[in-house]
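Q: Dropping in target22.pdb, which is PDB, C-alpha atoms:
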ATOM      1  CA  ARG A   7      21.502  12.258  20.688
ATOM      2  CA  SER A   8      20.475   9.551  18.227
ATOM      3  CA  PRO A   9      16.783   8.557  18.503
ATOM      4  CA  SER A  10      17.875   4.897  18.355
ATOM      5  CA  ARG A  11      19.484   5.002  21.794
ATOM      6  CA  GLY A  12      17.269   3.632  24.519
ATOM      7  CA  LEU A  13      14.592   2.354  22.147
ATOM      8  CA  GLY A  14      16.187  -1.087  21.768
ATOM      9  CA  ASP A  15      14.751  -3.824  19.629
ATOM     10  CA  VAL A  16      11.399  -2.095  19.122
ATOM     11  CA  TYR A  17      13.154   0.720  17.302
ATOM     12  CA  LYS A  18      15.484  -1.536  15.321
ATOM     13  CA  ARG A  19      12.586  -3.630  14.025
ATOM     14  CA  GLN A  20      11.164  -0.650  12.146
ATOM     15  CA  PRO A  21      11.856  -0.797   8.380
ATOM     16  CA  LEU A  22      14.855   1.290   7.364
ATOM     17  CA  ILE A  23      14.779   3.292   4.132
ATOM     18  CA  ALA A  24      18.348   4.244   3.240
ATOM     19  CA  PHE A  25      19.304   6.341   0.236
ATOM     20  CA  ASP A  26      22.446   7.588  -1.458
ATOM     21  CA  TYR A  27      23.695   8.748  -4.840
ATOM     22  CA  ALA A  28      25.710   6.729  -7.342
ATOM     23  CA  ARG A  29      28.943   8.264  -8.566
ATOM     24  CA  THR A  30      28.513   9.960 -11.931
ATOM     25  CA  LYS A  31      30.536  12.360 -14.051
ATOM     26  CA  LEU A  32      30.431  16.051 -13.202
ATOM     27  CA  GLY A  33      27.783  18.000 -15.063
ATOM     28  CA  VAL A  34      25.343  15.139 -15.552
ATOM     29  CA  ARG A  35      22.182  14.299 -13.682
ATOM     30  CA  PRO A  36      22.900  12.220 -10.550
ATOM     31  CA  ILE A  37      21.400   8.790  -9.915
ATOM     32  CA  LEU A  38      19.398   8.417  -6.707
ATOM     33  CA  ILE A  39      19.259   4.929  -5.199
ATOM     34  CA  ALA A  40      17.236   3.792  -2.190
ATOM     35  CA  LYS A  41      16.563   0.475  -0.479
ATOM     36  CA  CYS A  42      14.107  -0.885   2.090
ATOM     37  CA  SER A  43      15.646  -3.105   4.760
ATOM     38  CA  LYS A  44      12.480  -5.130   5.364
ATOM     39  CA  THR A  45      11.324  -5.940   1.833
ATOM     40  CA  GLY A  46      14.631  -5.582  -0.028
ATOM     41  CA  ASN A  47      12.991  -3.416  -2.685
ATOM     42  CA  VAL A  48      15.206  -0.855  -4.405
ATOM     43  CA  LEU A  49      14.668   2.397  -6.267
ATOM     44  CA  MET A  50      17.006   3.749  -8.956
ATOM     45  CA  ARG A  51      16.222   6.991 -10.762
ATOM     46  CA  LYS A  52      17.997   9.876 -12.427
ATOM     47  CA  VAL A  53      17.118  13.147 -10.713
ATOM     48  CA  SER A  54      17.632  16.803 -11.587
ATOM     49  CA  LYS A  55      20.303  17.385  -8.967
ATOM     50  CA  LYS A  56      21.597  16.224  -5.606
ATOM     51  CA  GLY A  57      19.603  17.467  -2.651
ATOM     52  CA  PHE A  58      16.085  18.790  -2.787
ATOM     53  CA  CYS A  59      14.369  18.684  -6.158
ATOM     54  CA  GLU A  60      10.753  17.897  -6.906
ATOM     55  CA  ASP A  61      11.440  14.787  -8.970
ATOM     56  CA  ALA A  62      13.611  13.213  -6.247
ATOM     57  CA  VAL A  63      10.964  13.858  -3.585
ATOM     58  CA  HIS A  64       8.280  12.450  -5.892
ATOM     59  CA  PHE A  65      10.231   9.274  -6.669
ATOM     60  CA  MET A  66      11.122   8.663  -3.018
ATOM     61  CA  THR A  67       7.584   9.341  -1.788
ATOM     62  CA  GLU A  68       6.097   7.033  -4.402
ATOM     63  CA  PHE A  69       8.629   4.323  -3.522
ATOM     64  CA  ILE A  70       8.028   4.508   0.231
ATOM     65  CA  LEU A  71       4.238   4.492  -0.065
ATOM     66  CA  SER A  72       4.400   1.461  -2.375
ATOM     67  CA  LEU A  73       6.078  -0.550   0.394
ATOM     68  CA  GLY A  74       2.990  -0.472   2.600
ATOM     69  CA  HIS A  75       4.761   0.261   5.891
ATOM     70  CA  THR A  76       3.058   2.051   8.764
ATOM     71  CA  ARG A  77       6.286   3.197  10.387
ATOM     72  CA  ILE A  78       9.702   3.751   8.889
ATOM     73  CA  ARG A  79      13.188   5.012   9.602
ATOM     74  CA  ILE A  80      14.993   7.110   7.015
ATOM     75  CA  LYS A  81      18.786   7.106   6.869
ATOM     76  CA  ASN A  82      21.166   9.174   4.775
ATOM     77  CA  ASP A  83      24.706  10.495   4.661
ATOM     78  CA  PRO A  84      25.468  13.696   6.619
ATOM     79  CA  GLU A  85      26.089  15.693   3.426
ATOM     80  CA  GLN A  86      23.932  18.797   3.227
ATOM     81  CA  SER A  87      22.387  17.697  -0.071
ATOM     82  CA  ALA A  88      21.188  14.428   1.488
ATOM     83  CA  LEU A  89      19.860  16.259   4.543
ATOM     84  CA  ASP A  90      17.954  18.682   2.326
ATOM     85  CA  LEU A  91      16.328  15.849   0.422
ATOM     86  CA  ARG A  92      15.474  13.970   3.607
ATOM     87  CA  ASN A  93      13.844  17.010   5.196
ATOM     88  CA  GLU A  94      11.688  17.705   2.136
ATOM     89  CA  LEU A  95      10.826  14.016   1.853
ATOM     90  CA  ILE A  96       9.539  13.994   5.427
ATOM     91  CA  LYS A  97       7.352  17.011   4.631
ATOM     92  CA  ALA A  98       5.997  15.243   1.549
ATOM     93  CA  LEU A  99       5.170  12.096   3.511
ATOM     94  CA  LYS A 100       3.392  14.153   6.135
ATOM     95  CA  ARG A 101       1.380  15.845   3.394
ATOM     96  CA  GLU A 102       0.490  12.435   2.034
ATOM     97  CA  ASN A 103      -0.779  11.436   5.474
ATOM     98  CA  MET A 104      -2.921  14.555   5.574
ATOM     99  CA  LYS A 105      -4.526  13.673   2.257
ATOM    100  CA  ILE A 106      -5.316  10.166   3.440
ATOM    101  CA  ASP A 107      -6.747  11.491   6.705
ATOM    102  CA  LEU A 108      -9.026  13.925   4.897
ATOM    103  CA  GLU A 109     -10.321  11.206   2.596
ATOM    104  CA  ALA A 110     -11.040   8.990   5.605
ATOM    105  CA  VAL A 111     -12.994  11.793   7.283
ATOM    106  CA  GLU A 112     -15.073  12.392   4.173
ATOM    107  CA  GLU A 113     -15.941   8.700   3.994
ATOM    108  CA  GLY A 114     -16.890   8.619   7.652
ATOM    109  CA  SER A 115     -14.109   6.157   8.457
ATOM    110  CA  LYS A 116     -11.840   6.111  11.455
ATOM    111  CA  VAL A 117      -8.931   8.480  10.996
ATOM    112  CA  ASP A 118      -5.457   7.120  11.641
ATOM    113  CA  HIS A 119      -3.299  10.134  12.507
ATOM    114  CA  ASP A 120      -0.168   7.978  12.605
ATOM    115  CA  LEU A 121      -0.288   6.295   9.206
ATOM    116  CA  ILE A 122       3.410   6.791   8.608
ATOM    117  CA  GLN A 123       5.672   7.534  11.556
ATOM    118  CA  ILE A 124       9.036   8.847  10.433
ATOM    119  CA  ILE A 125      12.212   8.529  12.502
ATOM    120  CA  PRO A 126      15.071  10.354  10.769
ATOM    121  CA  GLU A 127      18.617   9.017  11.069
ATOM    122  CA  ARG A 128      21.862  10.060   9.518
ATOM    123  CA  SER A 129      25.291   8.531   9.242
ATOM    124  CA  ALA A 130      28.149   9.753  11.387
ATOM    125  CA  VAL A 131      30.035  12.670   9.893
ATOM    126  CA  GLY A 132      32.871  11.458   7.675
ATOM    127  CA  SER A 133      31.692   7.837   7.760
ATOM    128  CA  LYS A 134      30.300   6.346   4.591
ATOM    129  CA  GLN A 135      30.325   2.865   6.110
ATOM    130  CA  SER A 136      27.682   3.811   8.683
ATOM    131  CA  ASN A 137      25.205   4.021   5.802
ATOM    132  CA  GLY A 138      26.388   0.655   4.550
ATOM    133  CA  MET A 139      23.007  -0.605   3.370
ATOM    134  CA  ALA A 140      22.688   2.303   0.958
ATOM    135  CA  GLU A 141      26.278   1.823  -0.239
ATOM    136  CA  ARG A 142      25.632  -1.844  -0.969
ATOM    137  CA  ALA A 143      22.387  -0.988  -2.730
ATOM    138  CA  VAL A 144      24.227   1.508  -4.940
ATOM    139  CA  GLN A 145      26.781  -1.131  -5.897
ATOM    140  CA  MET A 146      24.131  -3.782  -6.597
ATOM    141  CA  CYS A 147      21.921  -1.484  -8.668
ATOM    142  CA  MET A 148      24.791  -0.024 -10.668
ATOM    143  CA  ASN A 149      26.159  -3.504 -11.418
ATOM    144  CA  MET A 150      22.774  -4.520 -12.802
ATOM    145  CA  ALA A 151      22.509  -1.304 -14.823
ATOM    146  CA  LYS A 152      26.007  -1.757 -16.269
ATOM    147  CA  ALA A 153      25.181  -5.334 -17.297
ATOM    148  CA  LEU A 154      22.053  -4.133 -19.108
ATOM    149  CA  ILE A 155      23.981  -1.296 -20.769
ATOM    150  CA  LEU A 156      26.709  -3.617 -22.063
ATOM    151  CA  ASP A 157      24.147  -6.090 -23.384
ATOM    152  CA  LEU A 158      22.091  -3.425 -25.142
ATOM    153  CA  GLU A 159      25.075  -1.542 -26.570
ATOM    154  CA  GLU A 160      26.201  -4.726 -28.312
ATOM    155  CA  LYS A 161      22.989  -4.479 -30.342
ATOM    156  CA  ILE A 162      22.436  -0.768 -30.906
ATOM    157  CA  GLY A 163      25.771   0.925 -30.173
ATOM    158  CA  LYS A 164      26.743   3.537 -27.616
ATOM    159  CA  ILE A 165      23.894   4.903 -25.496
ATOM    160  CA  PRO A 166      24.315   8.581 -24.502
ATOM    161  CA  TYR A 167      23.972   9.125 -20.757
ATOM    162  CA  GLU A 168      21.206  11.701 -21.222
ATOM    163  CA  SER A 169      19.237   9.495 -23.619
ATOM    164  CA  PRO A 170      15.664   8.759 -22.455
ATOM    165  CA  LEU A 171      16.587   5.106 -23.008
ATOM    166  CA  MET A 172      19.127   5.360 -20.200
ATOM    167  CA  ASP A 173      16.442   6.654 -17.829
ATOM    168  CA  TRP A 174      14.241   3.706 -18.769
ATOM    169  CA  LEU A 175      17.141   1.301 -18.360
ATOM    170  CA  LEU A 176      17.763   2.390 -14.764
ATOM    171  CA  VAL A 177      14.118   1.848 -13.864
ATOM    172  CA  HIS A 178      14.171  -1.547 -15.582
ATOM    173  CA  ALA A 179      17.310  -2.556 -13.681
ATOM    174  CA  ALA A 180      15.676  -1.783 -10.324
ATOM    175  CA  GLU A 181      12.456  -3.545 -11.295
ATOM    176  CA  THR A 182      14.413  -6.624 -12.394
ATOM    177  CA  LEU A 183      16.159  -6.763  -9.010
ATOM    178  CA  ASN A 184      12.852  -6.338  -7.199
ATOM    179  CA  ARG A 185      11.064  -9.001  -9.215
ATOM    180  CA  MET A 186      13.752 -11.642  -9.695
ATOM    181  CA  ARG A 187      16.401 -11.376  -6.970
ATOM    182  CA  VAL A 188      15.999 -14.156  -4.397
ATOM    183  CA  MET A 189      17.076 -13.022  -0.938
ATOM    184  CA  ALA A 190      18.384 -15.019   2.030
ATOM    185  CA  ASN A 191      14.830 -15.743   3.204
ATOM    186  CA  GLY A 192      14.053 -17.468  -0.103
ATOM    187  CA  LYS A 193      11.728 -14.696  -1.257
ATOM    188  CA  THR A 194      12.004 -11.910  -3.799
ATOM    189  CA  PRO A 195      11.438  -8.250  -2.859
ATOM    190  CA  TYR A 196       8.326  -8.299  -5.060
ATOM    191  CA  GLN A 197       7.048 -11.287  -3.109
ATOM    192  CA  MET A 198       7.633  -9.506   0.192
ATOM    193  CA  ILE A 199       5.077  -6.887  -0.842
ATOM    194  CA  LYS A 200       2.663  -8.823  -3.041
ATOM    195  CA  GLY A 201       2.734 -12.151  -1.217
ATOM    196  CA  ARG A 202       3.516 -14.086  -4.413
ATOM    197  CA  ARG A 203       6.281 -14.432  -6.979
ATOM    198  CA  PHE A 204       6.268 -12.327 -10.125
ATOM    199  CA  ASP A 205       5.216 -14.789 -12.837
ATOM    200  CA  ARG A 206       4.487 -12.663 -15.908
ATOM    201  CA  PRO A 207       6.658 -13.047 -19.045
ATOM    202  CA  ILE A 208       9.452 -10.486 -19.477
ATOM    203  CA  VAL A 209      11.476  -9.721 -22.590
ATOM    204  CA  LYS A 210      15.025  -8.388 -22.610
ATOM    205  CA  LEU A 211      15.443  -4.630 -22.573
ATOM    206  CA  GLY A 212      15.485  -3.372 -26.167
ATOM    207  CA  GLU A 213      13.977  -6.579 -27.542
ATOM    208  CA  LEU A 214      11.736  -6.160 -30.601
ATOM    209  CA  VAL A 215       8.233  -7.384 -29.774
ATOM    210  CA  TRP A 216       5.592  -8.105 -32.407
ATOM    211  CA  TYR A 217       1.982  -8.124 -31.321
ATOM    212  CA  LYS A 218      -1.317  -8.783 -32.999
ATOM    213  CA  ARG A 219      -4.409  -6.757 -32.287
ATOM    214  CA  ALA A 220      -7.345  -8.786 -31.066
TER     215      ALA A 220
END
Render the structure in this file as structure tokens.
A:
Amino acid sequence: RSPSRGLGDVYKRQPLIAFDYARTKLGVRPILIAKCSKTGNVLMRKVSKKGFCEDAVHFMTEFILSLGHTRIRIKNDPEQSALDLRNELIKALKRENMKIDLEAVEEGSKVDHDLIQIIPERSAVGSKQSNGMAERAVQMCMNMAKALILDLEEKIGKIPYESPLMDWLLVHAAETLNRMRVMANGKTPYQMIKGRRFDRPIVKLGELVWYKRA
């Protein structure tokens, strides 16, 4: 039975972290994409493989902790690879809680044993649409990445998929969406976390920047 049944609006108000993989060619590193329903922030990273791998768990853990939530839901497709990643991610988040608890004890502070409550979900078997938020996030992130690739390749030529520049480009695409994309509430994802708009100057990816030492 789904944990959402019977919990009503209280359950549905909890931030949802949904993740999925973008479609890539066989034999290349997959692209992991995640989104937070409450802040709108997205993550886009190349990972070693689908399913459990240390870099995927690290990226997801870092992303979730950066959001500042005290309770989350995690949703994924019913594929075994997604389930494996979700299960290891939950373990990692629990370990992160343990570290925070121990630090609080050492400082003599009150220990919060429920810093991050995790409610796993998964889409219905055979139904991609039931993880629609992740699917839309994949489309949005990949569209931004493709736009950056086309713009940069006009200047420097074809970029190999396994080039370190491509890894950087994916991160830059997600950060651009988080910093600049205005959502229906009139705020950017960055603003949802920081409480203010991102107002620092940004240059185009691949732009040559001259600087002078002070």
Q: Mind giving me the straight-line distance from CA of Leu158 in chain A to CA of Met172 in chain A in Å, one decimal?
A: 10.5 Å
Q: Which protein, DNA or RNA residues are at most 12 Å from (19.0, -12.5, -0.6) in the file's coordinates when you count all atoms listed in the file, listed as a short mmCIF file (atom, residue, chain, number, x, y, z; two decimals) with C-alpha atoms, in the frame of the given file?
A:
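That gives us result_18.cif:
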data_model
loop_
_atom_site.label_atom_id
_atom_site.label_comp_id
_atom_site.auth_asym_id
_atom_site.auth_seq_id
_atom_site.Cartn_x
_atom_site.Cartn_y
_atom_site.Cartn_z
CA SER A 43 15.65 -3.10 4.76
CA LYS A 44 12.48 -5.13 5.36
CA THR A 45 11.32 -5.94 1.83
CA GLY A 46 14.63 -5.58 -0.03
CA ASN A 47 12.99 -3.42 -2.68
CA MET A 146 24.13 -3.78 -6.60
CA LEU A 183 16.16 -6.76 -9.01
CA ASN A 184 12.85 -6.34 -7.20
CA MET A 186 13.75 -11.64 -9.70
CA ARG A 187 16.40 -11.38 -6.97
CA VAL A 188 16.00 -14.16 -4.40
CA MET A 189 17.08 -13.02 -0.94
CA ALA A 190 18.38 -15.02 2.03
CA ASN A 191 14.83 -15.74 3.20
CA GLY A 192 14.05 -17.47 -0.10
CA LYS A 193 11.73 -14.70 -1.26
CA THR A 194 12.00 -11.91 -3.80
CA PRO A 195 11.44 -8.25 -2.86
CA MET A 198 7.63 -9.51 0.19
#
Q: Have a look at A:Val34, A:Leu99, A:Leu176, A:Ile70 and name the one nearest to Lys56 in chain A; count only C-alpha atoms.
A: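 Of A:Val34, A:Leu99, A:Leu176, A:Ile70, the one nearest Lys56 in chain A is A:Val34, counting only C-alpha atoms.
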Q: Just how far from CA of Asp173 in chain A is CA of Arg51 in chain A, in Å to one decimal?
A: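 For CA of Arg51 in chain A relative to CA of Asp173 in chain A, the distance reads 7.1 Å.
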Q: Kindly resolve the PyMOL selection byres ((chain A and resi 89) around 12) on the present coordinates and return the residues as a PyMOL selection string.
A: chain A and resi 25-26+56-58+80-88+90-96+126-129
Q: Restricting the calculation to only C-alpha atoms: of A:Arg101, A:Lys200, A:Arg29, A:Arg35, which residue gets closest to Thr67 in chain A?
A: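 Checking each of A:Arg101, A:Lys200, A:Arg29, A:Arg35 against Thr67 in chain A, counting only C-alpha atoms, the winner is A:Arg101.
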Q: What is the distance between CA of Phe65 in chain A and CA of Val48 in chain A, in Å to one decimal?
A: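 Between these atoms lies a distance of 11.5 Å.
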Q: Looking at A:Asp205, A:Glu141, A:Glu159, A:Glu168, which one is nearest to Ala28 in chain A, with distances taken over all atoms listed in the file?
A: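 With all atoms listed in the file as the atom set, the closest residue is A:Glu141.
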